[in-house]
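Working notes for the structure below.
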Amino acid sequence: MKRYILTSIISCVFVLTYAQEKIILDTIYANDQKNVALFFPEPIRQGITGSDNFIFTYNRDKEQYFGLLQATPGKESNLLVINRNGAIFSYIVRYKEQLSKLNYFITASSSIGNEKPSSNLPIVGKEVNSVSKSDYYLRACNYLVQRKQSFKNLQKRYEDIELSIKNIVFDKEELYFVLQIKNTSTLDFDLNFLKISIQTKQKGKKKSLQRIYQKPLFIHNRPTKIAENETVRMVYVLPKFSLSNDRSVVIELKENNGERNLELKASHKYINNPN
């Protein structure tokens, strides 16, 4: 029953907020000393910044997959990029004197939408084929990121970095893991990876642990950096699964060029009883 309720709620949200839905944007840092390169899944057709202290250059004559971002000191702004296939990408851009990342490889799943949607008022349901899976995942994830969570908060904290599971939702044939990273330290946290695995205890005298990585169907709002005193919420969409008593889910968070690494475990009872 829960999955049908969720589908109905998401359907209503899509209709009511399709034109004005709030999307939490990733932040890209740049300065006037180095070029920050952004590589997109499709050639760039158009790129626009919100203020003059940010410059995004790309080949306007011959469409290419990458563009270069530079910035001078000033207030934060935004960058809007449209690919050849109509996919829209939007980011917050900020000036930073020292850059820890110069290359961003943008995935198709990070698109916030398309300038030519398949329908003006998308309807969710098996009977409608015009809404693609990625569009459905995107809007469902936007809804889950913003809604009030009712799941028991599971969290792990180390060196002022907190990783938590805010919700696990079952809808249609997928599980949605709503995850949150909170950085209360005075240092930015550069994300190396965040992955979800199933851990199994091996039987026998010599007990060992085996982990099987679960490849997401869709990832929403995963950041490359969590700035100091910043909290970021994201969603991992996985094919549905259930666990026996000797299995659990492990979420691994690893810092790039750092040692603030965390592992958060969720037992079978949380996975088998999602919202």
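By order of appearance in the structure tokens: chains A, B, ..., then residues from 1 within every chain, and ligands from 1 in the order shown.
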
Can you pull out every residue within 8 Å of range 106-114 of chain A, counting only C-alpha atoms, but drop anything in the same chain fewer than 2 positions away, and send it as number ranges by chain?
A: 23, 38-41, 86-90, 104, 116-117, 134-135, 138, 218-221

Keeping N, CA and C atoms, export the residues of the selection given above as a compact mmCIF listing (two decimals), in the first residue's frame.
```
# COMPACT_ATOMS: atom_id res chain seq x y z
N ILE A 23 15.05 22.95 -6.79
CA ILE A 23 16.09 21.95 -6.96
C ILE A 23 17.34 22.42 -6.22
N LEU A 38 34.63 21.69 -17.36
CA LEU A 38 33.40 20.93 -17.15
C LEU A 38 33.14 20.08 -18.39
N PHE A 39 33.09 18.76 -18.21
CA PHE A 39 32.88 17.83 -19.31
C PHE A 39 31.45 17.28 -19.22
N PHE A 40 30.68 17.47 -20.29
CA PHE A 40 29.27 17.09 -20.29
C PHE A 40 29.03 15.84 -21.14
N PRO A 41 27.91 15.13 -20.88
CA PRO A 41 27.64 13.89 -21.62
C PRO A 41 27.28 14.13 -23.09
N GLY A 86 19.07 19.04 -25.48
CA GLY A 86 18.10 19.79 -24.69
C GLY A 86 18.20 19.60 -23.20
N ALA A 87 19.12 18.74 -22.74
CA ALA A 87 19.29 18.52 -21.30
C ALA A 87 19.80 19.80 -20.63
N ILE A 88 19.24 20.12 -19.48
CA ILE A 88 19.58 21.35 -18.77
C ILE A 88 20.37 21.02 -17.51
N PHE A 89 21.46 21.75 -17.31
CA PHE A 89 22.31 21.59 -16.13
C PHE A 89 22.45 22.95 -15.46
N SER A 90 22.30 22.98 -14.14
CA SER A 90 22.36 24.25 -13.43
C SER A 90 23.21 24.09 -12.17
N TYR A 104 35.52 18.64 -13.74
CA TYR A 104 34.23 18.10 -13.35
C TYR A 104 33.66 17.28 -14.51
N LYS A 116 12.74 20.60 -23.69
CA LYS A 116 11.61 20.11 -24.49
C LYS A 116 11.02 18.89 -23.79
N PRO A 117 10.29 19.10 -22.70
CA PRO A 117 9.70 17.97 -21.98
C PRO A 117 8.71 17.23 -22.86
N SER A 134 14.34 8.25 -16.30
CA SER A 134 15.21 9.26 -15.68
C SER A 134 14.42 10.48 -15.24
N ASP A 135 13.40 10.88 -16.02
CA ASP A 135 12.56 12.01 -15.62
C ASP A 135 11.79 11.67 -14.34
N LEU A 138 14.20 11.68 -11.40
CA LEU A 138 14.60 13.04 -11.05
C LEU A 138 13.55 13.73 -10.21
N PHE A 218 20.12 5.39 -10.45
CA PHE A 218 20.07 6.85 -10.59
C PHE A 218 20.64 7.46 -9.32
N ILE A 219 21.40 8.55 -9.48
CA ILE A 219 21.95 9.28 -8.32
C ILE A 219 21.54 10.75 -8.47
N HIS A 220 20.98 11.29 -7.42
CA HIS A 220 20.50 12.67 -7.46
C HIS A 220 21.23 13.53 -6.43
N ASN A 221 21.79 14.64 -6.92
CA ASN A 221 22.36 15.69 -6.06
C ASN A 221 23.59 15.25 -5.27
```

Applying 8 Å and only C-alpha atoms, which residues near Glu263 in chain A remain after dropping the ones on its own chain fewer than 5 positions away? List them as a count of residues only.
5

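Rounded to one decimal, CA of Lys240 in chain A and CA of Leu175 in chain A lie 5.1 Å from each other.
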
Ser185 in chain A: which residues within 9 Å, counting only C-alpha atoms, same-chain residues fewer than 5 positions away excluded, as number ranges by chain?
A: 159-161, 227-229

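Look at Ile48 in chain A: the protein and nucleic acid residues within 7 Å of it, using only C-alpha atoms and passing over chain neighbours fewer than 2 places away, are Gln46, Gly50, Phe56, Leu79, Leu80 and Val81 of chain A.
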
Set the distance at 10 Å and use only C-alpha atoms: which residues neighbour range 61-77 of chain A once local chain neighbours fewer than 2 positions away are removed? I'd like the list as a VMD selection string.
chain A and resid 27 to 47 49 to 59 79 81 83 to 84 91 to 97 102 to 106

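One distance worth recording is that between CA of Val237 in chain A and CA of Arg211 in chain A, which is 18.6 Å.
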
Taking the DSSP assignment computed from this structure's backbone, write out as a ChimeraX atom specification all residues of range 37-273 of chain A that belong to strand (DSSP E).
/A:37-39,44-49,54-57,66-71,77-83,87-95,103-105,113-114,154-158,161-171,174-183,189-201,209-213,218-220,225-226,230-239,247-255,262-267

Would you export the selected residues with C-alpha atoms as a JSON list (two decimals), in the first residue's frame, please?
```json
[["chain", "number", "residue", "atom", "x", "y", "z"],
["A", 37, "ALA", "CA", 36.92, 22.34, -17.00],
["A", 38, "LEU", "CA", 33.40, 20.93, -17.15],
["A", 39, "PHE", "CA", 32.88, 17.83, -19.31],
["A", 44, "ILE", "CA", 27.27, 22.16, -25.27],
["A", 45, "ARG", "CA", 24.79, 24.26, -27.20],
["A", 46, "GLN", "CA", 24.53, 27.17, -24.77],
["A", 47, "GLY", "CA", 26.16, 28.30, -21.53],
["A", 48, "ILE", "CA", 25.20, 31.34, -19.44],
["A", 49, "THR", "CA", 26.47, 32.76, -16.15],
["A", 54, "PHE", "CA", 32.07, 34.54, -13.86],
["A", 55, "ILE", "CA", 33.01, 33.60, -17.43],
["A", 56, "PHE", "CA", 32.07, 30.31, -19.07],
["A", 57, "THR", "CA", 33.71, 29.76, -22.45],
["A", 66, "PHE", "CA", 33.58, 20.67, -22.50],
["A", 67, "GLY", "CA", 33.60, 24.28, -21.37],
["A", 68, "LEU", "CA", 35.95, 26.37, -19.19],
["A", 69, "LEU", "CA", 34.93, 28.38, -16.14],
["A", 70, "GLN", "CA", 36.84, 31.30, -14.60],
["A", 71, "ALA", "CA", 35.91, 33.76, -11.86],
["A", 77, "SER", "CA", 26.20, 33.38, -9.01],
["A", 78, "ASN", "CA", 24.82, 30.57, -11.15],
["A", 79, "LEU", "CA", 25.75, 28.71, -14.34],
["A", 80, "LEU", "CA", 23.17, 27.34, -16.76],
["A", 81, "VAL", "CA", 24.25, 24.92, -19.50],
["A", 82, "ILE", "CA", 22.08, 23.37, -22.21],
["A", 83, "ASN", "CA", 23.34, 20.36, -24.15],
["A", 87, "ALA", "CA", 19.29, 18.52, -21.30],
["A", 88, "ILE", "CA", 19.58, 21.35, -18.77],
["A", 89, "PHE", "CA", 22.31, 21.59, -16.13],
["A", 90, "SER", "CA", 22.36, 24.25, -13.43],
["A", 91, "TYR", "CA", 24.99, 25.01, -10.76],
["A", 92, "ILE", "CA", 25.86, 27.55, -8.10],
["A", 93, "VAL", "CA", 29.27, 29.07, -8.88],
["A", 94, "ARG", "CA", 31.55, 30.68, -6.31],
["A", 95, "TYR", "CA", 34.94, 32.32, -6.31],
["A", 103, "ASN", "CA", 37.91, 18.99, -13.65],
["A", 104, "TYR", "CA", 34.23, 18.10, -13.35],
["A", 105, "PHE", "CA", 32.82, 15.14, -15.27],
["A", 113, "GLY", "CA", 15.36, 18.56, -16.78],
["A", 114, "ASN", "CA", 14.97, 19.10, -20.50],
["A", 154, "LEU", "CA", 20.56, 6.28, 11.30],
["A", 155, "GLN", "CA", 23.84, 8.14, 11.48],
["A", 156, "LYS", "CA", 27.61, 7.84, 11.92],
["A", 157, "ARG", "CA", 29.91, 10.68, 12.89],
["A", 158, "TYR", "CA", 33.68, 11.10, 12.67],
["A", 161, "ILE", "CA", 31.58, 14.77, 9.43],
["A", 162, "GLU", "CA", 28.17, 13.14, 9.83],
["A", 163, "LEU", "CA", 26.69, 10.60, 7.42],
["A", 164, "SER", "CA", 23.04, 9.66, 7.94],
["A", 165, "ILE", "CA", 20.17, 7.79, 6.31],
["A", 166, "LYS", "CA", 17.18, 10.11, 6.39],
["A", 167, "ASN", "CA", 14.77, 7.78, 4.64],
["A", 168, "ILE", "CA", 14.40, 4.54, 2.68],
["A", 169, "VAL", "CA", 11.40, 4.52, 0.37],
["A", 170, "PHE", "CA", 10.01, 1.70, -1.77],
["A", 171, "ASP", "CA", 8.25, 2.79, -4.96],
["A", 174, "GLU", "CA", 13.04, 0.58, -6.71],
["A", 175, "LEU", "CA", 14.39, 1.55, -3.30],
["A", 176, "TYR", "CA", 15.19, 5.22, -2.74],
["A", 177, "PHE", "CA", 17.95, 5.87, -0.18],
["A", 178, "VAL", "CA", 17.78, 9.47, 1.07],
["A", 179, "LEU", "CA", 21.25, 10.22, 2.44],
["A", 180, "GLN", "CA", 22.70, 13.27, 4.15],
["A", 181, "ILE", "CA", 26.26, 14.49, 4.71],
["A", 182, "LYS", "CA", 26.79, 17.22, 7.29],
["A", 183, "ASN", "CA", 30.11, 19.02, 7.63],
["A", 189, "PHE", "CA", 35.13, 17.85, 2.60],
["A", 190, "ASP", "CA", 36.11, 16.69, -0.89],
["A", 191, "LEU", "CA", 34.13, 13.61, -1.81],
["A", 192, "ASN", "CA", 36.06, 10.70, -3.27],
["A", 193, "PHE", "CA", 33.17, 8.26, -3.36],
["A", 194, "LEU", "CA", 29.96, 7.24, -1.65],
["A", 195, "LYS", "CA", 28.77, 3.74, -2.39],
["A", 196, "ILE", "CA", 26.22, 1.26, -1.12],
["A", 197, "SER", "CA", 27.02, -2.43, -0.64],
["A", 198, "ILE", "CA", 25.38, -5.52, 0.82],
["A", 199, "GLN", "CA", 27.49, -7.16, 3.51],
["A", 200, "THR", "CA", 27.20, -10.88, 4.20],
["A", 201, "LYS", "CA", 28.67, -12.76, 7.14],
["A", 209, "LEU", "CA", 32.75, -10.48, 5.65],
["A", 210, "GLN", "CA", 31.88, -10.22, 1.99],
["A", 211, "ARG", "CA", 30.59, -7.02, 0.39],
["A", 212, "ILE", "CA", 28.74, -6.83, -2.89],
["A", 213, "TYR", "CA", 28.56, -3.37, -4.45],
["A", 218, "PHE", "CA", 20.07, 6.85, -10.59],
["A", 219, "ILE", "CA", 21.95, 9.28, -8.32],
["A", 220, "HIS", "CA", 20.50, 12.67, -7.46],
["A", 225, "LYS", "CA", 32.46, 18.95, -2.18],
["A", 226, "ILE", "CA", 30.71, 19.71, 1.09],
["A", 230, "GLU", "CA", 27.26, 22.84, 4.91],
["A", 231, "THR", "CA", 24.66, 20.06, 4.84],
["A", 232, "VAL", "CA", 23.86, 18.22, 1.61],
["A", 233, "ARG", "CA", 21.08, 15.72, 1.02],
["A", 234, "MET", "CA", 21.10, 13.28, -1.92],
["A", 235, "VAL", "CA", 19.21, 10.23, -3.18],
["A", 236, "TYR", "CA", 20.48, 6.88, -4.47],
["A", 237, "VAL", "CA", 17.96, 4.82, -6.45],
["A", 238, "LEU", "CA", 18.59, 1.05, -6.39],
["A", 239, "PRO", "CA", 16.69, -1.95, -7.74],
["A", 247, "ARG", "CA", 22.96, -9.45, 5.86],
["A", 248, "SER", "CA", 23.08, -5.67, 6.14],
["A", 249, "VAL", "CA", 23.60, -2.63, 3.98],
["A", 250, "VAL", "CA", 26.86, -0.70, 4.31],
["A", 251, "ILE", "CA", 27.23, 2.87, 3.08],
["A", 252, "GLU", "CA", 30.85, 3.89, 2.62],
["A", 253, "LEU", "CA", 31.89, 7.55, 2.50],
["A", 254, "LYS", "CA", 35.50, 8.32, 1.61],
["A", 255, "GLU", "CA", 37.27, 11.66, 1.53],
["A", 262, "LEU", "CA", 32.90, 6.73, 7.48],
["A", 263, "GLU", "CA", 30.92, 3.52, 7.25],
["A", 264, "LEU", "CA", 27.23, 3.46, 8.14],
["A", 265, "LYS", "CA", 25.41, 0.14, 8.49],
["A", 266, "ALA", "CA", 21.69, -0.55, 8.27],
["A", 267, "SER", "CA", 20.38, -3.94, 9.35]]
```

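Across the model, the gap from CA of Thr224 in chain A to CA of Gln146 in chain A is 20.1 Å.
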